[in-house]
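*Asks:* Below you will find the structure I want to go over with you.
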Amino acid sequence: MEKKGKMPTIALCGNPNTGKSTIFNALTGSSQKIGNWPGATVEKKWGKLLAKHSKGKGAAKIVDLPGTYSLSAYTKEELIARNFVVEDKPDVVIDVVDASNLERNLYLSVQLKELGANVVIALNMMDIARRRGYEIDVNGLSGLIGCPVVPLVADREEGLAELIEVSLLASEGKLASREISVNYGKDLGEEIGSLAEHVSRHAAPLAQKYGAHWVAVKILENDAEIMAKVNSQDRDICDEKLIEFVKEAEERLGEPVDIRIASLRYGFINGIVKSVLKKSPEERIIRSDSIDRLLINPLIGIPVFLLIMYAMFQGVFLLGAPLVELVEAFIGIVSVVAKGALEATNAPAWLSELVLVALIEGVGNVLIFLPNILLLFLGIAILEDTGYMARAAFVMNRIMQKIGLHGKSFISLVLGFGCSVPAVMAARTLKNEDDRLMTILVSPLVPCAARMEVFVFLAGAFFAPSVAGQAVFSLMLLSFVLIAVMGILFRKFLASGERQPFVMELPPYNMPTLKGLFFHMWGRAKMFVQKAGTFIFLVALIMWFLAGNPSGVEYGSAESYIGIAGRAIAPLFAPLGFGWEESVALLFGFLAKEVVISAFGILYGAVDEGLLTDTLAVVWTPLQAYVFMVFTLVYMPCFATVAVIRQETGSWKWAAFSAAYSCVLAWVVSLAVLTAGTLLGY
Amino acid sequence: MEKMSLRALNEKESGRILDISSGRALGKHLAEMGFDPGSIATVINKGSSGLMVIEIKGCCRVAISTEIAEKITVEKILKE
């Protein structure tokens with residue numbers, strides 16, 4: 001066994017869509033943890049190498065770096081990947097390369113090598129490359145790129161054992177690796193040389209840490225981060241001087257240096273690819289293209305997209321219904337057993353109330369919808385893993401542009417059906433700040449799974465089964481209309497007209513694996529289960545306490561603390577026809593939208609023995625219920641979403657704005673629906 | 001040789017990239033995604049949604065807006 005603290009760190013790096021997460025899942029299994037990179041909201045995943053893989057050779061920590069095309073710090077993801085490799089110096093960097101897309105993928109490999117990282121190339125998707133008739137000389141590639149190369153089919157775990165063995169050997173420094181140098185040509189080479197000399201003279205610590213040559217290339221690539229570092233080292237070199245230098249170099253060379261550097265790197269790669277890759281003379285037409293001919297054609301693509309979304313929601317509710325009944329029955333049994341046990345043991349009244357009301361009415365009612373949530377996340381995982389999500393953004397680009405958003409905003413909107421938190425975070429793929437802000441402000445209007453629960457719960461209580469589905473669907477339509485209206489208004493009043501140009505890779509269609517889908521679905525759905533077990537239980541407990549105190553007061557009555565709070569804010573909601581109970585439910589709903597159901601469970605559930613939904617049906621008219629659903633749809637994003645908006649925009653101002661505008665909007669729209677409904681005689 | 005913008009190519013036509021004249025950061029990003037001068041770009045799909053699908057380096061598919069395609073100069077490759 002190795003000593004503690006000496007556990008090697010292995011970083012996983014690679015372009016998007018290269019099967020990086022499949023490899024990460026296979027290496028770490030369920031030991032993986034998800035968090036954020038310090039100072040940024042980019043997802044950070046890490047875990048321990050599974051014991052079955054390490055075979056007694058000691059443990060290793062695996063860090064999954066964000067998927068990037070290069071290390072040039074164009075996006076936050078690139079910057080994080082680069083900083084981790086440069087600053088944290090992992091013992092090994094596994095660079096996952098798509099063998100069927102060798103040339104483009106090697107760009108990142110070359111950059112990693114230039115950085116001086118201890119690289120092991122995982123040449124993934126060998127099966128697809130073979131099917132396309134590509135022959136890759138693996139040893140030749142390894143020799144030319146100066147590091148070990150392990151061929152792999154990660155989906156089937158082929159080659160995984162060898163990858164681990166090679167990586168562990170590399171982490172002990174037992175494998176030969178060679179420095180490579182891109183030929184930057186005579187004139188550019190001279191520029192780099194003189195700048196490097198300058199750097200080693202004036203910013204010696206930097207030159208020592210990163211290598212003067214690398215720093216010089218980065219400066220010529222206009223890398224703001226590195227320029228600032230040089231700047232802070234030496235008072236003699238300021239940004240302006242560096243920029244001046246790059247400008248002069250450009251004049252001498254006659255073209256933008258950064259593009260030239262990229263081009264020369266590709267030249268170097270081209271040389272490698274030519275000697276190691278044999279393509280059969282007759283390249284088959286890739287099947288993806290023929291599918292795309294249909295799916296990204298605007299006339300066919302949009303109806304197909306709507307059909308897919310419709311099928312997904314139908315699937316979520318139809319397949320979910322019997323499962324929901326199962327969970328319901330299970331919770332019913334738990335409730336009966338708990339009641340029996342509490343009575344048999346003569347438990348004090350407060351304990352039985354706590355268990356039966358806070359736990360079973362509060363949390364149980366939320367957990368009932370777990371099957372729906374799992375299925376919804378499964379649907380989203382299928383959309384993402386098959387490669388369809390990129391096509392959806394493609395076909396919806398025009399429409400998104402019309403309503404003030406960006407084609408890529410659409411991915412946030414689809415993710416929003418699962419949860420607003422990842423939806424807001426997904427806006428990161430937008431580089432233009434205005435586009436990002438627009439997307440962040442409107443995506444919470446998409447009904448998330450938690451709000452969907454509230455709708456399904458209330459629609460089930462107030463409408464006949466045949467109408468209930470339509471009621472929920474009409475709420476979705478309403479949310480689209482509101483997104484369009486707000487998008488146009490925000491673009492007009494908050495943002496400039498300029499939008500980020502659309503550049504997005506269309507990954508080839510891919511048959512997802514069950515395992516991959518499971519990890520993807522569970523990674524997101526886990527949060528809901530954890531939330532129900534911890535946060536929502538806590539909130540339910542607080543509400544239960546507030547409903548039963550001060551002592552002597554009738555449980556859940558207007559005189560209880562919760563009643564007092566409800567009555568205090570009720571006037572605000574009176575025009576909408578909500579009583580103090582609804583006001584309280586909405587108030588606590590800010591903490592998490594599912595809590596709305598818990599609140600009704602606690603306030604009405606304990607009143608009599610019947611089903612909560614039956615009790616509610618007596619209290620409200622269907623129109624009131626519908627207005628309440630409209631308000632729940634639109635009003636204030638939940639606590640977690642507001643926090644993530646604050647994080648993503650870097651200011652409380654936008655978080656507060658998002659909360660405020662949605663409350664006002666909810667109020668206005670609800671009143672409009674109530675008025676229209678009343679006039680129509682409902 | 002015919003010099004034109006990538007946007008002007010028709011479906012299935014190819015061109016060798018000569019120059020990218022979009023703004024700084026974007027130009028570099030495009031070059032790194034494979035649109036570097038010297039590479040061959042083929043138009044795979046030219047829909048009416050304001051976007052084009054381009055095959056770059058003979059393998060990957062990248063969707064770009066027509067505004068960007070306009071800023072990429074290519075020399076058309078004539079098929080024999």
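To be explicit about the labels: the chains of the structure tokens are called A, B, and onward in the order shown, and within each one the residues are counted from 1, while ligands get numbers from 1 in the order they are shown.
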At most 9 Å is the cut-off: for each residue in chain A with any atom that close to an atom of chain B, write down the nearest atom pair and the distance in Å rounded to one decimal, counting only C-alpha atoms, chain first then increasing number, as CSV.
*Replies:*
```
residue,atom,partner,partner_atom,distance
A:Tyr69,CA,B:Met33,CA,6.7
A:Ser70,CA,B:Glu32,CA,6.9
A:Ser72,CA,B:His29,CA,8.4
A:Tyr74,CA,B:His29,CA,6.9
A:Ser100,CA,B:Cys59,CA,7.4
A:Asn101,CA,B:Cys59,CA,5.8
A:Leu102,CA,B:Cys59,CA,8.5
A:Glu103,CA,B:Lys57,CA,7.3
A:Arg104,CA,B:Gly34,CA,6.2
A:Tyr107,CA,B:Glu32,CA,7.5
A:Glu221,CA,B:Lys28,CA,8.5
A:Asn222,CA,B:Ala25,CA,8.9
A:Pro256,CA,B:Arg24,CA,8.4
A:Asp258,CA,B:Lys28,CA,6.0
A:Ile259,CA,B:Lys28,CA,5.3
A:Arg260,CA,B:Asp36,CA,8.0
A:Ala262,CA,B:Glu32,CA,5.8
A:Ser263,CA,B:Asp36,CA,5.1
A:Leu264,CA,B:Asp36,CA,8.8
A:Tyr266,CA,B:Asp36,CA,7.7
A:Gly267,CA,B:Gly38,CA,8.8
A:Asp289,CA,B:Ile44,CA,7.6
A:Asp292,CA,B:Asn45,CA,8.4
A:Arg293,CA,B:Asn45,CA,7.4
A:Ile296,CA,B:Gly47,CA,7.6
A:Asn297,CA,B:Gly47,CA,6.2
A:Pro298,CA,B:Ser49,CA,6.5
A:Phe394,CA,B:Leu51,CA,7.5
A:Val395,CA,B:Ser49,CA,6.7
A:Met396,CA,B:Ser49,CA,8.2
A:Asn397,CA,B:Ser49,CA,6.8
A:Arg398,CA,B:Ser49,CA,5.6
A:Ile399,CA,B:Ser49,CA,8.9
A:Pro501,CA,B:Ser65,CA,6.5
A:Phe502,CA,B:Ser65,CA,5.2
A:Val503,CA,B:Ile64,CA,4.5
A:Met504,CA,B:Ala63,CA,5.2
A:Glu505,CA,B:Val62,CA,4.2
A:Leu506,CA,B:Arg61,CA,5.4
A:Pro507,CA,B:Arg61,CA,6.9
A:Pro508,CA,B:Arg61,CA,7.9
```
*Asks:* Show me, as a PyMOL selection string, the residues that have an atom within 9 Å of range 583-587 of chain A when counting only C-alpha atoms, minus same-chain residues fewer than 5 positions from it.
*Replies:* chain A and resi 562-563+565-567+569-570+572-573+578+593+595-600+631-632+635
*Asks:* Write a file of the just-selected residues containing N, CA and C atoms, as an mmCIF file, in the first residue's frame.
*Replies:*
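Now in part_39.cif:
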```cif
data_model
loop_
_atom_site.group_PDB
_atom_site.id
_atom_site.type_symbol
_atom_site.label_atom_id
_atom_site.label_comp_id
_atom_site.auth_asym_id
_atom_site.auth_seq_id
_atom_site.Cartn_x
_atom_site.Cartn_y
_atom_site.Cartn_z
ATOM 1 N N ILE A 562 -48.648 29.639 11.831
ATOM 2 C CA ILE A 562 -48.689 29.585 10.372
ATOM 3 C C ILE A 562 -49.905 30.352 9.866
ATOM 4 N N GLY A 563 -50.990 30.288 10.652
ATOM 5 C CA GLY A 563 -52.205 31.012 10.290
ATOM 6 C C GLY A 563 -51.981 32.512 10.375
ATOM 7 N N ALA A 565 -49.113 34.056 10.045
ATOM 8 C CA ALA A 565 -48.268 34.451 8.916
ATOM 9 C C ALA A 565 -49.100 34.507 7.640
ATOM 10 N N GLY A 566 -49.926 33.504 7.471
ATOM 11 C CA GLY A 566 -50.763 33.442 6.271
ATOM 12 C C GLY A 566 -51.693 34.626 6.187
ATOM 13 N N ARG A 567 -52.292 34.964 7.320
ATOM 14 C CA ARG A 567 -53.254 36.074 7.300
ATOM 15 C C ARG A 567 -52.556 37.397 7.033
ATOM 16 N N ILE A 569 -50.034 37.908 5.004
ATOM 17 C CA ILE A 569 -49.757 38.143 3.584
ATOM 18 C C ILE A 569 -50.985 37.911 2.706
ATOM 19 N N ALA A 570 -52.043 37.363 3.294
ATOM 20 C CA ALA A 570 -53.223 37.025 2.499
ATOM 21 C C ALA A 570 -53.798 38.206 1.713
ATOM 22 N N LEU A 572 -52.478 40.401 0.043
ATOM 23 C CA LEU A 572 -51.798 40.494 -1.244
ATOM 24 C C LEU A 572 -52.447 39.588 -2.276
ATOM 25 N N PHE A 573 -52.896 38.426 -1.793
ATOM 26 C CA PHE A 573 -53.411 37.410 -2.710
ATOM 27 C C PHE A 573 -54.932 37.437 -2.813
ATOM 28 N N PHE A 578 -57.229 33.752 -3.295
ATOM 29 C CA PHE A 578 -56.560 32.783 -2.428
ATOM 30 C C PHE A 578 -56.813 33.135 -0.963
ATOM 31 N N LYS A 593 -40.542 24.079 -4.658
ATOM 32 C CA LYS A 593 -41.923 24.109 -5.126
ATOM 33 C C LYS A 593 -42.757 22.909 -4.674
ATOM 34 N N VAL A 595 -42.955 21.795 -1.909
ATOM 35 C CA VAL A 595 -43.455 22.079 -0.567
ATOM 36 C C VAL A 595 -44.914 22.537 -0.596
ATOM 37 N N VAL A 596 -45.338 23.077 -1.757
ATOM 38 C CA VAL A 596 -46.732 23.489 -1.878
ATOM 39 C C VAL A 596 -47.648 22.302 -1.555
ATOM 40 N N ILE A 597 -47.283 21.138 -2.085
ATOM 41 C CA ILE A 597 -48.090 19.946 -1.796
ATOM 42 C C ILE A 597 -47.985 19.586 -0.307
ATOM 43 N N SER A 598 -46.748 19.645 0.209
ATOM 44 C CA SER A 598 -46.561 19.332 1.628
ATOM 45 C C SER A 598 -47.422 20.240 2.499
ATOM 46 N N ALA A 599 -47.450 21.525 2.118
ATOM 47 C CA ALA A 599 -48.207 22.492 2.925
ATOM 48 C C ALA A 599 -49.681 22.118 2.955
ATOM 49 N N PHE A 600 -50.220 21.750 1.778
ATOM 50 C CA PHE A 600 -51.625 21.342 1.769
ATOM 51 C C PHE A 600 -51.809 20.078 2.584
ATOM 52 N N PHE A 631 -50.422 30.625 -10.947
ATOM 53 C CA PHE A 631 -49.538 31.416 -10.095
ATOM 54 C C PHE A 631 -48.283 30.606 -9.741
ATOM 55 N N THR A 632 -48.497 29.334 -9.421
ATOM 56 C CA THR A 632 -47.358 28.471 -9.066
ATOM 57 C C THR A 632 -46.389 28.331 -10.240
ATOM 58 N N TYR A 635 -44.646 32.276 -10.577
ATOM 59 C CA TYR A 635 -44.075 33.108 -9.519
ATOM 60 C C TYR A 635 -42.672 32.663 -9.110
#
```
*Asks:* Considering only C-alpha atoms, return as a JSON list (two decimals) with all heavy atoms, in the first residue's frame whatever protein or nucleic-acid residues lie within 10 Å of Asp137 in chain A, sequence-local ones (same chain, fewer than 5 positions apart) excluded.
*Replies:*
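And here is the file that came out, part-v3.json:
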```json
[["chain", "number", "residue", "atom", "x", "y", "z"],
["A", 142, "SER", "N", 1.63, 6.86, -31.23],
["A", 142, "SER", "CA", 2.28, 7.02, -29.93],
["A", 142, "SER", "C", 3.69, 7.60, -30.10],
["A", 142, "SER", "O", 4.08, 8.50, -29.35],
["A", 142, "SER", "CB", 2.34, 5.65, -29.25],
["A", 142, "SER", "OG", 3.17, 5.70, -28.13],
["A", 273, "VAL", "N", -1.34, 12.67, -38.74],
["A", 273, "VAL", "CA", -2.51, 11.92, -39.19],
["A", 273, "VAL", "C", -2.22, 11.26, -40.54],
["A", 273, "VAL", "O", -2.59, 10.11, -40.77],
["A", 273, "VAL", "CB", -3.75, 12.85, -39.27],
["A", 273, "VAL", "CG1", -4.90, 12.16, -39.97],
["A", 273, "VAL", "CG2", -4.16, 13.28, -37.87],
["A", 275, "SER", "N", 0.47, 10.07, -41.64],
["A", 275, "SER", "CA", 1.32, 8.89, -41.59],
["A", 275, "SER", "C", 0.72, 7.76, -40.74],
["A", 275, "SER", "O", 1.17, 6.63, -40.84],
["A", 275, "SER", "CB", 2.73, 9.25, -41.12],
["A", 275, "SER", "OG", 2.74, 9.45, -39.74],
["A", 276, "VAL", "N", -0.28, 8.04, -39.90],
["A", 276, "VAL", "CA", -0.81, 6.96, -39.08],
["A", 276, "VAL", "C", -2.23, 6.52, -39.44],
["A", 276, "VAL", "O", -2.69, 5.47, -38.99],
["A", 276, "VAL", "CB", -0.78, 7.28, -37.56],
["A", 276, "VAL", "CG1", 0.63, 7.59, -37.11],
["A", 276, "VAL", "CG2", -1.73, 8.40, -37.21],
["A", 277, "LEU", "N", -2.94, 7.34, -40.19],
["A", 277, "LEU", "CA", -4.34, 7.01, -40.48],
["A", 277, "LEU", "C", -4.52, 6.64, -41.94],
["A", 277, "LEU", "O", -4.13, 7.38, -42.83],
["A", 277, "LEU", "CB", -5.23, 8.22, -40.15],
["A", 277, "LEU", "CG", -6.72, 8.07, -40.46],
["A", 277, "LEU", "CD1", -7.37, 7.05, -39.56],
["A", 277, "LEU", "CD2", -7.42, 9.40, -40.33],
["A", 278, "LYS", "N", -5.08, 5.45, -42.14],
["A", 278, "LYS", "CA", -5.40, 5.05, -43.52],
["A", 278, "LYS", "C", -6.91, 5.02, -43.64],
["A", 278, "LYS", "O", -7.59, 4.29, -42.91],
["A", 278, "LYS", "CB", -4.82, 3.68, -43.83],
["A", 278, "LYS", "CG", -3.61, 3.77, -44.77],
["A", 278, "LYS", "CD", -3.29, 2.42, -45.36],
["A", 278, "LYS", "CE", -2.40, 1.63, -44.42],
["A", 278, "LYS", "NZ", -2.20, 0.25, -44.76]]
```
*Asks:* What parts of range 547-642 of chain A does DSSP call helix (DSSP H, G or I)? I'd like the answer as a PyMOL selection string.
*Replies:* chain A and resi 547-548+561-576+580-589+595-604+612-619+622-634+639-642
*Asks:* Set the distance at 7 Å and use only C-alpha atoms: which residues neighbour Ala216 in chain A once local chain neighbours fewer than 4 positions away are removed? I'd like the list as a VMD selection string.
*Replies:* chain A and resid 192 195 to 196 212 220
*Asks:* Using DSSP on the backbone, list every residue of chain B that comes out as strand (DSSP E), and give them as JSON, numbers by chain.
*Replies:* {"B": [3, 4, 5, 14, 15, 16, 17, 18, 19, 20, 40, 41, 42, 43, 44, 45, 46, 51, 52, 53, 54, 55, 56, 60, 61, 62, 63, 64, 65, 72, 73, 74, 75, 76, 77]}
*Asks:* Near range 168-176 of chain A, counting only C-alpha atoms, which residues have an atom at most 8 Å away, once you skip same-chain residues fewer than 5 positions from it, shown as a list in words?
*Replies:*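 The residues satisfying every condition are Pro8, Ile10, Asp91, Val92, Asn118, Val120, Cys147 and Pro148 of chain A.
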*Asks:* Contacts of Gln470 in chain A at 12 Å or less, counting only C-alpha atoms, minus same-chain residues fewer than 5 places along, as a VMD selection string?
*Replies:* chain A and resid 314 455 to 456 459 to 460 463 to 465 475 to 477 626
*Asks:* Please identify all polymer residues within 8 Å of range 521-525 of chain A, counting only C-alpha atoms, omitting same-chain residues fewer than 5 positions from it, and present them as a ChimeraX atom specification.
*Replies:* /A:373-374,377-378,380-381
*Asks:* Could you state the separation of CA of Leu152 in chain A and CA of Ala26 in chain A in Å, given to one decimal place?
*Replies:* 12.5 Å
*Asks:* In Å, how far is it from CA of Leu383 in chain A to CA of Met309 in chain A?
*Replies:*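 One can read the CA of Leu383 in chain A to CA of Met309 in chain A distance as 9.7 Å.
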*Asks:* Using only C-alpha atoms, which of A:Ile403, A:Leu546, A:Ala659, A:Leu375 sits nearest Phe480 in chain A?
*Replies:* A:Ile403
*Asks:* Quick check, in Å to one decimal: how far apart do CA of Met511 in chain A and CA of Glu11 in chain B lie?
*Replies:*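 Result for CA of Met511 in chain A versus CA of Glu11 in chain B: 27.3 Å, one decimal.
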